[in-house]
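A.B. asks: Handing you a structure now.
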Amino acid sequence: MPTVFFSYSHADEALRDQLEKQLAMLKRQGVIETWHDRRIGAGQEIDQAINDRINSDEIILLLVSPDFLASDYCYDVEMLRAIERHNEGSAIVIPVILRACDWHLAPF
């Protein structure tokens, strides 16, 4: 079953939660699983946990907003790696525009 990775700014956490609710039926039917950084367990190293998932999950949702584009971590680490995996055919990247922002020149 494919796992969906949420790449997002913490400023958009409430919108991420709403999107995850919209995917609930796909989760119930066993079509997908979802993962985001709030599922990192106590004692786990944050960067390593995120790195492991962004390098293995099959679907990566980029939750795009002004905060996402302003975040060095979201943009330079998560998004660029997601685009690399998409270009090599090992993941599907889907940008989801959460809030109005200047995303037109972004690499996705």
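Ligands are numbered from 1 in the order shown, chains are lettered A, B, ... in the order of the structure tokens, and residues start at 1 in each chain.
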I'd like the contact shell of Arg81 in chain A - 12 Å cut-off, only C-alpha atoms, skipping same-chain residues fewer than 5 positions apart - returned as a count of residues only.
C.D. replies: 24
A.B. asks: Run DSSP on the backbone of this structure and report the residues of range 16-79 of chain A it assigns to strand (DSSP E or B), as a list in words.
C.D. replies: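 Assigned to strand (DSSP E or B), within range 16-79 of chain A: Glu33, Thr34, Trp35, Ile59, Ile60, Leu61, Leu62, Leu63 and Val64 of chain A.
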A.B. asks: Mind giving me the straight-line distance from CA of Thr3 in chain A to CA of Trp35 in chain A in Å, one decimal?
C.D. replies: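 Taking CA of Thr3 in chain A and CA of Trp35 in chain A, their separation equals 7.0 Å.
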A.B. asks: Go through A:Ala11, A:Leu23, A:Ala106, A:Ala82 one by one, measure the shortest atom-to-atom distance of each to Leu61 in chain A using only C-alpha atoms, and give the residue with the smallest value.
C.D. replies: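 Distance minimum relative to Leu61 in chain A lands on A:Ala82.
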A.B. asks: Please report, as a PyMOL selection string, each residue of range 6-106 of chain A to which DSSP assigns alpha helix (DSSP H) when run on this structure's backbone.
C.D. replies: chain A and resi 13-22+24-28+46-54+66-70+72+80-88
A.B. asks: Excluding same-chain residues fewer than 5 positions from Ile97 in chain A, what lies within 7 Å of it counting only C-alpha atoms, as a PyMOL selection string?
C.D. replies: chain A and resi 63-65
A.B. asks: Between CA of Val96 in chain A and CA of Leu19 in chain A, measure the distance and give it in Å to one decimal.
C.D. replies: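 Calculated distance between CA of Val96 in chain A and CA of Leu19 in chain A is 9.8 Å.
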